[in-house]
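Below is one structure; the comments refer to it alone.
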Amino acid sequence: MLSEDYSTIYNLVFKRNSVFVGSVFATAFAFQGFFDYGVTSWYEAHNKGKLWKDVKLKLGDAGEDEDDDE
Amino acid sequence: MLSNLAFKQISKRGLGLKSIAPRFLSSTSTALKSTYDSPDFSNYLNSNKGSSDKSRDFTYFMVGSFGVLGAASAKSTVESFLSTMSASADILAMAKVEVKLSAIPEGKNVIVKWQGKPVFIRHRTSGEIEEANEVDISTLRDPQNDADRVKNPEWLIMLGICTHLGCVPIGEAGDFGGWFCPCHGSHYDISGRIRRGPAPLNLEIPEYEFSDPDTLVVG
Amino acid sequence: MTAAEHGLHPPQYNWSHNGMFDTFDHASIRRGFQVYREVCAACHSLDRVAWRTLIAVSHTNSEVRAMAEEFEYDDEPDDQGNPRKRPGKLADYIPGPYANEQAARAANQGALPPDLSLIVKARHGACDYIFSLLTGYPDEAPAGVVLPPGGNYNPYFPATTSQMAKDVTTFLNWAAEPEHDERKRLGLKALIIVSGLYLVSVWVKKFKWTPVKHRKITFTPPKK
């Protein structure tokens, strides 16, 4: 990156405290969603074959259209 | 040491020695006269010195990341405390009642308990549906079309609590072929609308849905 | 005295949910529930497990509904006040084999079969203990042990003892810790976030303190 890019970032985000704090909160919000998705994906890949959704697949179509949330 | 210095300062001012005063007010003169040796800070200085925007951005980025992680954790913590106020799974599991409709013949009333309250289910005949639709709603105390009170005109589902003082009305009774409250004599018609007596409102319609053509879920 | 106090520790087995981030084997929970239903449920209750909790853990919604409906539960009395019965619903809890403790004792020579809902948490060695107990029955009672009439040393398990004991133990562990899988997922999230916070906070602390720590103050007394 060129040094102008750094000053652009500085002027866009960091210069005003209100913008800085606002972007921190906005990033936190987005981060939560991505982080949860990432961790869950890894967790389910790590435990592949043992989870309920794998068992359900083996059962065949018996419980296909059910809502399992209740 | 400091108190010694302060003492000297005060005593000199107290003596009104004006010639010495600039020594304490002007930094330039102090610097000129100073015997202070500047320590070697090169070990501690940022090697990025020169491209100052980069190091400044990096600092703000680190502080910002600290804020992001902190805000995310704080949000999760607050959320988990708030979620303890919502209904627990065993309560939610009992919040709905399922009724098999095939067991209710046409022209019959069934009362089921839902969250401790009676729910009237009436399988109405086509004559009763017509009767409910013929009423001129402008004459009613609580004007409401029959179509607004049912999802499927064959099935009338209402809370069985009189809107007057909360008694449970009797089915297939009263002057309008619907329900009659024995406590103070409120008459409801075949759509559960108040027609005569002290009650101010029509019988209440709970949340319900037909999960399949044969199953009614109240709640 | 418990077995642990005697110094009899069960061996450690390699459970599929042993690891820090390992979930239960849900296929095993499903088989284990069947073992419970066909074998254990003859004497042991499972009072704290509701039918609904099996959904999306080991069985589908319709399977659980069908199982619950096989049992009768007390309903509201009718208009004349006579007690009524109704088929089970998802919100009901799994019924026990006996009406009350006295009936359970009477049917088991005075010994009360413990409720199995939390048995894995209630025994030293947890899963390992339950598995060892289930597979530990010798084919014949040791010499000198007098069994009460009706008592049984190898009561039900045929050849696949080990497999069935493993599955039912996994099931009972799920019953005692239904939050297990979600707990480990949240634990993973917490570990990542907290270690990230720690590392960044160390950096920020150093950044803030560097000028303070390396500040040098000198005082040269003025010459008289």
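Within each chain, counting starts at residue 1; across the structure tokens, chains are named A, B, ... in the order shown, with ligands numbered 1 upward in that order.
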
- Which of region 1-223 of chain C counts as alpha helix (DSSP H) under DSSP, as a PyMOL selection string please? chain C and resi 26-38+61-69+101-107+119-122+126-135+161-176+180-213

- Message: Using DSSP assignments from the backbone, pull out every residue in region 10-212 of chain C that falls under strand (DSSP E or B) and give it to me as a PyMOL selection string.
- Response: chain C and resi 50+55+59+72-75+84-87+93

Export of prior selection with N, CA and C atoms as a PDB file, in the first residue's frame:
ATOM      1  N   ALA C  50     -38.251 -35.031  28.894  1.00  0.00           N
ATOM      2  CA  ALA C  50     -39.530 -34.899  28.201  1.00  0.00           C
ATOM      3  C   ALA C  50     -39.387 -35.434  26.784  1.00  0.00           C
ATOM      4  N   ILE C  55     -36.552 -34.744  20.082  1.00  0.00           N
ATOM      5  CA  ILE C  55     -36.688 -34.258  18.705  1.00  0.00           C
ATOM      6  C   ILE C  55     -35.420 -33.539  18.279  1.00  0.00           C
ATOM      7  N   HIS C  59     -34.445 -38.510  17.276  1.00  0.00           N
ATOM      8  CA  HIS C  59     -35.650 -38.959  16.565  1.00  0.00           C
ATOM      9  C   HIS C  59     -36.302 -37.784  15.858  1.00  0.00           C
ATOM     10  N   GLU C  72     -50.431 -43.460  28.264  1.00  0.00           N
ATOM     11  CA  GLU C  72     -51.585 -42.690  28.707  1.00  0.00           C
ATOM     12  C   GLU C  72     -51.195 -41.771  29.846  1.00  0.00           C
ATOM     13  N   TYR C  73     -51.737 -40.571  29.815  1.00  0.00           N
ATOM     14  CA  TYR C  73     -51.472 -39.610  30.884  1.00  0.00           C
ATOM     15  C   TYR C  73     -52.798 -39.149  31.470  1.00  0.00           C
ATOM     16  N   ASP C  74     -52.742 -38.642  32.687  1.00  0.00           N
ATOM     17  CA  ASP C  74     -53.946 -38.103  33.313  1.00  0.00           C
ATOM     18  C   ASP C  74     -54.380 -36.856  32.573  1.00  0.00           C
ATOM     19  N   ASP C  75     -55.670 -36.754  32.318  1.00  0.00           N
ATOM     20  CA  ASP C  75     -56.222 -35.581  31.653  1.00  0.00           C
ATOM     21  C   ASP C  75     -57.062 -34.808  32.660  1.00  0.00           C
ATOM     22  N   ARG C  84     -60.034 -38.663  33.719  1.00  0.00           N
ATOM     23  CA  ARG C  84     -59.939 -39.121  32.335  1.00  0.00           C
ATOM     24  C   ARG C  84     -58.481 -39.343  31.970  1.00  0.00           C
ATOM     25  N   LYS C  85     -58.264 -40.070  30.899  1.00  0.00           N
ATOM     26  CA  LYS C  85     -56.912 -40.328  30.396  1.00  0.00           C
ATOM     27  C   LYS C  85     -56.809 -39.790  28.971  1.00  0.00           C
ATOM     28  N   ARG C  86     -55.612 -39.437  28.581  1.00  0.00           N
ATOM     29  CA  ARG C  86     -55.387 -38.996  27.207  1.00  0.00           C
ATOM     30  C   ARG C  86     -54.047 -39.562  26.742  1.00  0.00           C
ATOM     31  N   PRO C  87     -53.856 -39.683  25.430  1.00  0.00           N
ATOM     32  CA  PRO C  87     -52.541 -40.121  24.939  1.00  0.00           C
ATOM     33  C   PRO C  87     -51.491 -39.062  25.185  1.00  0.00           C
ATOM     34  N   TYR C  93     -43.541 -35.819  30.071  1.00  0.00           N
ATOM     35  CA  TYR C  93     -42.272 -36.433  30.431  1.00  0.00           C
ATOM     36  C   TYR C  93     -42.395 -37.949  30.291  1.00  0.00           C
TER      37      TYR C  93
END

- Enumerate as a PyMOL selection string the residues belonging to chain B that approach chain A to within 6 Å, with only C-alpha atoms taken into account. chain B and resi 53-54+68+72

Mind dumping the selected residues with N, CA and C atoms as a PDB file, in the first residue's frame?
ATOM      1  N   ASP B  53       1.703   7.779   9.009  1.00  0.00           N
ATOM      2  CA  ASP B  53       0.304   7.385   8.831  1.00  0.00           C
ATOM      3  C   ASP B  53       0.132   5.888   9.009  1.00  0.00           C
ATOM      4  N   LYS B  54       1.127   5.124   8.560  1.00  0.00           N
ATOM      5  CA  LYS B  54       1.025   3.671   8.647  1.00  0.00           C
ATOM      6  C   LYS B  54       1.011   3.225  10.106  1.00  0.00           C
ATOM      7  N   VAL B  68     -13.804  -3.878  19.111  1.00  0.00           N
ATOM      8  CA  VAL B  68     -14.718  -4.796  18.409  1.00  0.00           C
ATOM      9  C   VAL B  68     -14.945  -6.049  19.241  1.00  0.00           C
ATOM     10  N   ALA B  72     -18.442  -7.038  21.048  1.00  0.00           N
ATOM     11  CA  ALA B  72     -19.127  -8.292  20.702  1.00  0.00           C
ATOM     12  C   ALA B  72     -19.362  -9.129  21.957  1.00  0.00           C
TER      13      ALA B  72
END

- Pull out every residue of chain C sitting within 7 Å of chain B, counting only C-alpha atoms, and send them as a PyMOL selection string. chain C and resi 91+193+197+200-201+204

- Message: I need the chain C residues near chain A as a ChimeraX atom specification; criterion: at most 8 Å, counting only C-alpha atoms.
- Response: /C:21-27,52,55-62,185,188-189

Output N, CA, C and O atoms of each residue in that selection to a file, as a short mmCIF file (atom, residue, chain, number, x, y, z; two decimals), in the first residue's frame.
data_model
loop_
_atom_site.label_atom_id
_atom_site.label_comp_id
_atom_site.auth_asym_id
_atom_site.auth_seq_id
_atom_site.Cartn_x
_atom_site.Cartn_y
_atom_site.Cartn_z
N PHE C 21 -13.83 -30.56 21.86
CA PHE C 21 -14.78 -30.03 20.88
C PHE C 21 -15.56 -31.15 20.20
O PHE C 21 -16.01 -31.00 19.07
N ASP C 22 -15.72 -32.29 20.88
CA ASP C 22 -16.42 -33.43 20.26
C ASP C 22 -17.86 -33.53 20.75
O ASP C 22 -18.12 -33.50 21.95
N THR C 23 -18.77 -33.64 19.80
CA THR C 23 -20.18 -33.79 20.16
C THR C 23 -20.48 -35.26 20.49
O THR C 23 -19.65 -36.14 20.29
N PHE C 24 -21.70 -35.47 20.99
CA PHE C 24 -22.18 -36.83 21.15
C PHE C 24 -22.30 -37.47 19.77
O PHE C 24 -22.51 -36.78 18.76
N ASP C 25 -22.23 -38.81 19.75
CA ASP C 25 -22.55 -39.55 18.53
C ASP C 25 -24.07 -39.79 18.54
O ASP C 25 -24.57 -40.62 19.30
N HIS C 26 -24.77 -39.03 17.72
CA HIS C 26 -26.24 -39.06 17.83
C HIS C 26 -26.83 -40.38 17.36
O HIS C 26 -27.91 -40.76 17.80
N ALA C 27 -26.15 -41.06 16.47
CA ALA C 27 -26.63 -42.39 16.07
C ALA C 27 -26.59 -43.32 17.28
O ALA C 27 -27.47 -44.15 17.48
N ARG C 52 -40.33 -34.18 24.06
CA ARG C 52 -39.95 -33.17 23.08
C ARG C 52 -38.44 -33.02 22.95
O ARG C 52 -37.93 -32.62 21.90
N ILE C 55 -36.55 -34.74 20.08
CA ILE C 55 -36.69 -34.26 18.71
C ILE C 55 -35.42 -33.54 18.28
O ILE C 55 -34.88 -32.73 19.02
N ALA C 56 -34.96 -33.88 17.07
CA ALA C 56 -33.74 -33.29 16.51
C ALA C 56 -32.51 -33.64 17.32
O ALA C 56 -31.49 -32.98 17.21
N VAL C 57 -32.61 -34.64 18.17
CA VAL C 57 -31.44 -35.16 18.86
C VAL C 57 -31.22 -36.59 18.41
O VAL C 57 -30.13 -36.99 18.00
N SER C 58 -32.30 -37.38 18.49
CA SER C 58 -32.16 -38.77 18.10
C SER C 58 -33.35 -39.25 17.26
O SER C 58 -33.27 -40.30 16.65
N HIS C 59 -34.45 -38.51 17.28
CA HIS C 59 -35.65 -38.96 16.56
C HIS C 59 -36.30 -37.78 15.86
O HIS C 59 -36.08 -36.64 16.23
N THR C 60 -37.14 -38.10 14.88
CA THR C 60 -37.87 -37.03 14.21
C THR C 60 -39.14 -36.71 14.98
O THR C 60 -39.58 -37.48 15.85
N ASN C 61 -39.71 -35.58 14.63
CA ASN C 61 -40.93 -35.11 15.29
C ASN C 61 -42.02 -36.19 15.30
O ASN C 61 -42.59 -36.51 16.34
N SER C 62 -42.28 -36.80 14.13
CA SER C 62 -43.39 -37.77 14.05
C SER C 62 -43.07 -39.04 14.82
O SER C 62 -43.96 -39.66 15.42
N ARG C 185 -19.71 -26.01 21.74
CA ARG C 185 -19.62 -25.03 20.65
C ARG C 185 -19.40 -23.63 21.22
O ARG C 185 -18.54 -22.88 20.75
N LEU C 188 -15.90 -23.23 22.55
CA LEU C 188 -14.93 -22.94 21.50
C LEU C 188 -14.95 -21.46 21.14
O LEU C 188 -13.91 -20.80 21.05
N LYS C 189 -16.16 -20.92 21.00
CA LYS C 189 -16.29 -19.50 20.68
C LYS C 189 -15.65 -18.65 21.77
O LYS C 189 -14.90 -17.71 21.50
#

- Task: Tell me which protein, DNA and RNA residues are within 8 Å of region 136-152 of chain B, counting only C-alpha atoms, leaving out same-chain ones fewer than 3 positions away, and put them as a ChimeraX atom specification.
- Result: /B:132-133,155-157,191,193-195,200-202,205
